[in-house]
file query_25.txt (compact mmCIF, C-alpha atoms)
# COMPACT_ATOMS: atom_id res chain seq x y z
CA MET A 1 -9.08 -16.27 -32.27
CA SER A 2 -6.57 -13.89 -30.58
CA ASP A 3 -6.16 -13.69 -26.82
CA ASP A 4 -7.87 -10.32 -26.63
CA SER A 5 -10.78 -11.31 -28.88
CA ARG A 6 -11.29 -14.35 -26.62
CA GLY A 7 -11.22 -11.96 -23.66
CA VAL A 8 -13.71 -9.60 -25.27
CA ASP A 9 -15.99 -12.53 -26.05
CA ALA A 10 -15.66 -13.82 -22.48
CA LEU A 11 -16.46 -10.39 -21.01
CA ARG A 12 -19.54 -10.09 -23.21
CA ARG A 13 -20.69 -13.52 -22.04
CA VAL A 14 -20.05 -12.52 -18.40
CA ALA A 15 -22.17 -9.41 -18.97
CA ARG A 16 -25.00 -11.73 -20.04
CA GLY A 17 -24.61 -13.73 -16.81
CA ASP A 18 -22.38 -16.59 -18.03
CA ARG A 19 -20.34 -17.58 -14.97
CA GLU A 20 -18.31 -20.11 -16.96
CA ALA A 21 -16.99 -17.19 -19.00
CA LEU A 22 -15.85 -15.58 -15.74
CA ALA A 23 -13.86 -18.74 -15.01
CA VAL A 24 -12.24 -18.43 -18.44
CA LEU A 25 -11.20 -14.85 -17.68
CA TYR A 26 -9.89 -15.89 -14.28
CA ASP A 27 -7.88 -18.76 -15.77
CA GLU A 28 -6.36 -16.50 -18.43
CA HIS A 29 -5.72 -13.39 -16.33
CA GLY A 30 -5.91 -14.35 -12.64
CA ASP A 31 -2.17 -14.89 -12.15
CA MET A 32 -1.32 -11.58 -13.80
CA VAL A 33 -3.90 -9.68 -11.71
CA TYR A 34 -2.69 -11.43 -8.55
CA GLY A 35 0.91 -10.43 -9.36
CA VAL A 36 -0.08 -6.78 -9.65
CA LEU A 37 -1.99 -6.94 -6.37
CA VAL A 38 0.93 -8.54 -4.52
CA SER A 39 3.35 -5.95 -5.91
CA ILE A 40 1.16 -3.14 -4.56
CA LEU A 41 -0.07 -4.67 -1.30
CA ARG A 42 3.07 -6.67 -0.44
CA GLN A 43 0.92 -9.20 1.41
CA PRO A 44 -0.05 -12.39 -0.46
CA ALA A 45 -3.07 -13.17 1.74
CA GLU A 46 -4.48 -9.68 1.30
CA ALA A 47 -3.78 -9.84 -2.44
CA GLN A 48 -5.65 -13.15 -2.68
CA ASP A 49 -8.61 -11.63 -0.87
CA LEU A 50 -8.62 -8.61 -3.16
CA LEU A 51 -8.25 -10.84 -6.24
CA HIS A 52 -11.63 -12.33 -5.37
CA ASP A 53 -13.11 -8.84 -5.01
CA VAL A 54 -11.73 -7.78 -8.40
CA PHE A 55 -13.36 -10.71 -10.16
CA VAL A 56 -16.65 -10.13 -8.33
CA GLU A 57 -16.46 -6.59 -9.69
CA VAL A 58 -15.79 -8.00 -13.16
CA LEU A 59 -18.95 -10.08 -12.81
CA GLU A 60 -20.92 -6.98 -11.84
CA ARG A 61 -19.34 -4.52 -14.30
CA ALA A 62 -18.53 -6.59 -17.39
CA GLY A 63 -21.13 -4.65 -19.36
CA ASP A 64 -19.08 -1.46 -18.84
CA TYR A 65 -16.15 -2.79 -20.87
CA ASP A 66 -15.60 -0.96 -24.17
CA PRO A 67 -13.03 -2.64 -26.46
CA ARG A 68 -12.37 0.72 -28.19
CA ARG A 69 -10.90 2.07 -24.93
CA GLY A 70 -8.36 -0.69 -24.35
CA SER A 71 -7.63 -4.36 -24.01
CA VAL A 72 -9.34 -6.76 -21.62
CA ARG A 73 -6.00 -7.18 -19.88
CA GLY A 74 -5.69 -3.40 -19.42
CA TRP A 75 -9.27 -3.15 -18.17
CA LEU A 76 -8.62 -5.86 -15.58
CA LEU A 77 -5.32 -4.29 -14.50
CA VAL A 78 -6.90 -0.86 -14.02
CA ARG A 79 -9.58 -2.44 -11.82
CA ALA A 80 -7.00 -4.39 -9.81
CA ARG A 81 -4.65 -1.43 -9.39
CA SER A 82 -7.49 0.85 -8.36
CA ARG A 83 -8.80 -1.60 -5.75
CA ALA A 84 -5.28 -2.18 -4.38
CA LEU A 85 -4.53 1.53 -4.07
CA ASP A 86 -7.89 2.05 -2.37
CA ARG A 87 -6.91 -0.65 0.13
CA VAL A 88 -3.50 0.95 0.75
CA ARG A 89 -5.07 4.38 1.28
CA SER A 90 -7.68 2.93 3.59
CA ALA A 91 -4.99 1.22 5.68
CA ARG A 92 -3.04 4.50 5.85
CA VAL A 93 -6.14 6.37 7.07
CA ARG A 94 -6.76 3.71 9.73
CA HIS A 95 -3.11 3.98 10.80
CA GLU A 96 -3.33 7.79 11.01
CA ARG A 97 -6.49 7.59 13.09
CA LEU A 98 -4.86 5.09 15.43
CA THR A 99 -1.71 7.17 15.89
CA ASP A 100 -3.76 10.37 16.28
CA ALA A 101 -5.88 8.70 18.96
CA HIS A 102 -2.84 7.13 20.68
CA PRO A 103 0.25 9.13 19.73
CA GLU A 104 2.40 7.17 22.15
CA ARG A 105 1.77 4.01 20.12
CA THR A 106 3.52 3.73 16.81
CA SER A 107 3.23 -0.02 16.27
CA PRO A 108 0.59 -2.72 16.72
CA ALA A 109 2.47 -4.00 19.75
CA SER A 110 1.34 -2.75 23.12
CA GLY A 111 2.30 -2.81 26.75
CA PRO A 112 4.21 -0.55 29.11
CA ASP A 113 7.65 -1.31 27.63
CA VAL A 114 6.54 -0.56 24.08
CA THR A 115 4.77 2.65 25.17
CA LEU A 116 7.86 3.75 27.10
CA ASP A 117 10.07 2.95 24.09
CA GLY A 118 7.74 4.98 21.86
CA VAL A 119 8.03 7.92 24.25
CA ARG A 120 11.84 7.65 24.25
CA VAL A 121 11.98 7.54 20.47
CA ARG A 122 9.65 10.55 20.20
CA GLU A 123 11.77 12.49 22.71
CA ARG A 124 14.94 11.80 20.70
CA LEU A 125 13.11 12.55 17.47
CA ALA A 126 12.11 15.97 18.85
CA GLU A 127 15.81 16.72 19.37
CA LEU A 128 16.70 16.16 15.70
CA ASP A 129 17.23 18.97 13.22
CA PRO A 130 13.91 20.04 11.65
CA GLY A 131 14.58 18.58 8.17
CA PRO A 132 15.31 14.98 9.18
CA ARG A 133 12.70 15.10 11.95
CA GLU A 134 9.91 16.17 9.59
CA VAL A 135 10.80 13.47 7.04
CA LEU A 136 10.90 10.71 9.68
CA GLU A 137 7.63 11.83 11.25
CA LEU A 138 5.88 11.79 7.88
CA ALA A 139 7.34 8.38 7.04
CA TYR A 140 6.82 6.57 10.32
CA PHE A 141 3.87 8.25 11.95
CA ARG A 142 1.82 9.08 8.87
CA GLY A 143 3.03 6.21 6.70
CA LEU A 144 3.94 8.32 3.68
CA SER A 145 6.29 7.02 0.99
CA THR A 146 9.41 8.97 0.01
CA SER A 147 7.63 10.19 -3.13
CA GLU A 148 4.64 11.40 -1.11
CA ILE A 149 6.95 13.14 1.37
CA ALA A 150 8.80 14.86 -1.50
CA THR A 151 5.48 16.12 -2.85
CA GLU A 152 4.17 17.23 0.55
CA LEU A 153 7.36 19.10 1.46
CA SER A 154 8.09 20.32 -2.09
CA ILE A 155 11.63 18.95 -2.00
CA PRO A 156 13.47 16.55 -4.32
CA HIS A 157 13.10 12.82 -3.79
CA GLY A 158 16.85 12.49 -3.17
CA THR A 159 16.66 15.12 -0.42
CA VAL A 160 13.96 13.09 1.32
CA LYS A 161 16.20 10.02 1.27
CA SER A 162 19.23 11.99 2.51
CA ARG A 163 17.27 13.56 5.36
CA ALA A 164 15.80 10.20 6.35
CA ALA A 165 19.25 8.60 6.40
CA ALA A 166 20.70 11.48 8.44
CA GLY A 167 17.81 11.32 10.89
CA LEU A 168 18.12 7.58 11.35
CA ARG A 169 21.88 7.87 11.89
CA ALA A 170 21.31 10.52 14.54
CA LEU A 171 18.64 8.44 16.26
CA ARG A 172 20.89 5.37 16.29
CA ALA A 173 23.67 7.44 17.83
CA GLU A 174 21.32 8.77 20.51
CA LEU A 175 19.50 5.56 21.34
CA ASP A 176 21.41 2.73 22.92
CA PRO A 177 19.63 -0.49 21.83
CA ALA A 178 19.84 -1.81 25.41
CA THR A 179 17.70 1.10 26.65
CA LEU A 180 15.01 0.17 24.14
CA GLY A 181 14.94 -3.46 25.17
CA GLY A 182 16.43 -4.55 21.85
CA GLU A 183 19.58 -6.17 20.62
CA PRO A 184 22.35 -4.29 18.80
call {"tool": "encode", "arguments": {"input": "query_25.txt", "output": "C-alpha cells"}}
result
Amino acid sequence: MSDDSRGVDALRRVARGDREALAVLYDEHGDMVYGVLVSILRQPAEAQDLLHDVFVEVLERAGDYDPRRGSVRGWLLVRARSRALDRVRSARVRHERLTDAHPERTSPASGPDVTLDGVRVRERLAELDPGPREVLELAYFRGLSTSEIATELSIPHGTVKSRAAAGLRALRAELDPATLGGEP
C-alpha cells in the first residue's frame, strides 16, 4: 500500500471517528506539518501549539477530504499553512491596534526611557526623505514585509529594500547610540 493510499485510508477512518487513525496520520505527517508551521511562524512554541490545532481540525474535517483534489500530504499542508497565515495576520492586527492606541510605543518594552527613545526615533524618522520614511514606517510600525510594502506602494521589491537601507543608514547617522541608552 502506497504512502498516500495509507493516508487516504487513515483519513477515511478518522472521518468515522477512529482516533487511532489520527495518530497514524500524526506519526506520518506531524514532523512535516510542524516544519511548515515553524518556517511561517518562526516560533517553535507557537508552531507546536498550532500543530495541535491543525490535527484537531483534521479530526473535525476529515470527511471533507477528496482524494481527486490532491494528496493527503497536500491537504494537510494547506490546512497548516492557512492556520499559520491566519495566526500571522491576527498578530499583525493586534500589533497595529496596539501601536494605533499607543503610537509612542513601538515595542513590548515599556517605561519612561523606552517611551522617550520611541519619541526620539519618531522625530528623526519624520526628518527622513519621504521614500525611506514611508518604507520604514510600514515595516516597523505596521509590521509589513518587503513584499507587502512593494504591493502597497506599487514599487519594485528592490526599491523597497534600497529605501529601507537608506533610511536605516540615515537614522544611524542621526541617532547616537548613547542617547538611546544603547551600546554602539
call {"tool": "residues_around", "arguments": {"input": "query_25.txt", "residues": "stretch 43-49 of chain A", "least_positions_apart": "6", "cutoff": "12 Å", "atoms": "all atoms listed in the file", "output": "MDAnalysis selection string"}}
result
chainID A and resid 30:37 55:56 80:81 83:85 87:88 91
call {"tool": "residues_around", "arguments": {"input": "query_25.txt", "residues": "A:Trp75", "least_positions_apart": "3", "cutoff": "10 Å", "atoms": "all atoms listed in the file", "output": "NGL selection string"}}
result
:A and (58 or 62 or 64-67 or 69-72 or 78-80)
call {"tool": "atom_distance", "arguments": {"input": "query_25.txt", "atom1": "atom CA of A:Arg172", "atom2": "atom CA of A:Val160"}}
result
18.2 Å
call {"tool": "atom_distance", "arguments": {"input": "query_25.txt", "atom1": "atom CA of A:Arg61", "atom2": "atom CA of A:Ala15"}}
result
7.3 Å
call {"tool": "atom_distance", "arguments": {"input": "query_25.txt", "atom1": "atom CA of A:Arg42", "atom2": "atom CA of A:Ala166"}}
result
26.8 Å
call {"tool": "residues_near_point", "arguments": {"input": "query_25.txt", "point": "(5.3, 6.5, 0.2)", "cutoff": "12 Å", "atoms": "only C-alpha atoms", "output": "count of residues only"}}
result
25
call {"tool": "decode", "arguments": {"input": "query_25.txt", "residues": "stretch 45-74 of chain A", "atoms": "N, CA and C atoms", "output": "tab-separated table (two decimals), in the first residue's frame"}}
result
chain	number	residue	atom	x	y	z
A	45	ALA	N	7.49	27.25	19.82
A	45	ALA	CA	6.41	27.01	20.79
A	45	ALA	C	5.05	27.31	20.16
A	46	GLU	N	4.97	28.39	19.41
A	46	GLU	CA	3.71	28.74	18.76
A	46	GLU	C	3.38	27.73	17.67
A	47	ALA	N	4.40	27.24	16.96
A	47	ALA	CA	4.19	26.23	15.93
A	47	ALA	C	3.67	24.93	16.55
A	48	GLN	N	4.22	24.56	17.70
A	48	GLN	CA	3.76	23.34	18.39
A	48	GLN	C	2.29	23.48	18.79
A	49	ASP	N	1.94	24.64	19.29
A	49	ASP	CA	0.55	24.90	19.68
A	49	ASP	C	-0.37	24.81	18.46
A	50	LEU	N	0.05	25.39	17.38
A	50	LEU	CA	-0.78	25.38	16.17
A	50	LEU	C	-0.83	23.99	15.54
A	51	LEU	N	0.24	23.20	15.69
A	51	LEU	CA	0.24	21.83	15.20
A	51	LEU	C	-0.91	21.05	15.82
A	52	HIS	N	-1.10	21.22	17.11
A	52	HIS	CA	-2.22	20.58	17.80
A	52	HIS	C	-3.54	21.02	17.19
A	53	ASP	N	-3.69	22.32	16.95
A	53	ASP	CA	-4.92	22.85	16.37
A	53	ASP	C	-5.19	22.27	14.98
A	54	VAL	N	-4.13	22.13	14.19
A	54	VAL	CA	-4.29	21.58	12.83
A	54	VAL	C	-4.82	20.15	12.91
A	55	PHE	N	-4.28	19.35	13.81
A	55	PHE	CA	-4.74	17.96	13.89
A	55	PHE	C	-6.11	17.84	14.54
A	56	VAL	N	-6.49	18.79	15.38
A	56	VAL	CA	-7.87	18.81	15.88
A	56	VAL	C	-8.80	19.11	14.70
A	57	GLU	N	-8.38	20.04	13.84
A	57	GLU	CA	-9.17	20.34	12.65
A	57	GLU	C	-9.27	19.13	11.73
A	58	VAL	N	-8.19	18.38	11.61
A	58	VAL	CA	-8.21	17.16	10.80
A	58	VAL	C	-9.26	16.20	11.36
A	59	LEU	N	-9.29	16.06	12.67
A	59	LEU	CA	-10.28	15.20	13.32
A	59	LEU	C	-11.69	15.65	12.98
A	60	GLU	N	-11.91	16.96	12.98
A	60	GLU	CA	-13.24	17.50	12.73
A	60	GLU	C	-13.62	17.52	11.25
A	61	ARG	N	-12.62	17.65	10.36
A	61	ARG	CA	-12.91	17.88	8.94
A	61	ARG	C	-12.45	16.75	8.02
A	62	ALA	N	-12.06	15.63	8.55
A	62	ALA	CA	-11.54	14.54	7.73
A	62	ALA	C	-12.53	14.13	6.64
A	63	GLY	N	-13.80	14.23	6.91
A	63	GLY	CA	-14.82	13.87	5.92
A	63	GLY	C	-14.83	14.78	4.71
A	64	ASP	N	-14.20	15.96	4.81
A	64	ASP	CA	-14.15	16.91	3.69
A	64	ASP	C	-13.09	16.54	2.65
A	65	TYR	N	-12.17	15.65	3.04
A	65	TYR	CA	-11.07	15.32	2.13
A	65	TYR	C	-11.59	14.60	0.90
A	66	ASP	N	-11.13	15.05	-0.28
A	66	ASP	CA	-11.48	14.43	-1.55
A	66	ASP	C	-10.18	14.05	-2.26
A	67	PRO	N	-9.87	12.75	-2.38
A	67	PRO	CA	-8.61	12.34	-2.98
A	67	PRO	C	-8.44	12.79	-4.43
A	68	ARG	N	-9.53	13.13	-5.12
A	68	ARG	CA	-9.43	13.60	-6.50
A	68	ARG	C	-8.84	15.01	-6.57
A	69	ARG	N	-8.88	15.74	-5.45
A	69	ARG	CA	-8.41	17.12	-5.44
A	69	ARG	C	-6.96	17.27	-4.99
A	70	GLY	N	-6.35	16.18	-4.53
A	70	GLY	CA	-4.96	16.27	-4.11
A	70	GLY	C	-4.60	15.20	-3.10
A	71	SER	N	-3.33	15.18	-2.76
A	71	SER	CA	-2.82	14.17	-1.83
A	71	SER	C	-3.19	14.52	-0.38
A	72	VAL	N	-3.09	13.54	0.47
A	72	VAL	CA	-3.30	13.76	1.90
A	72	VAL	C	-2.27	14.76	2.41
A	73	ARG	N	-1.04	14.57	1.98
A	73	ARG	CA	0.03	15.49	2.38
A	73	ARG	C	-0.32	16.92	1.99
A	74	GLY	N	-0.75	17.13	0.76
A	74	GLY	CA	-1.14	18.46	0.29
A	74	GLY	C	-2.30	19.03	1.08
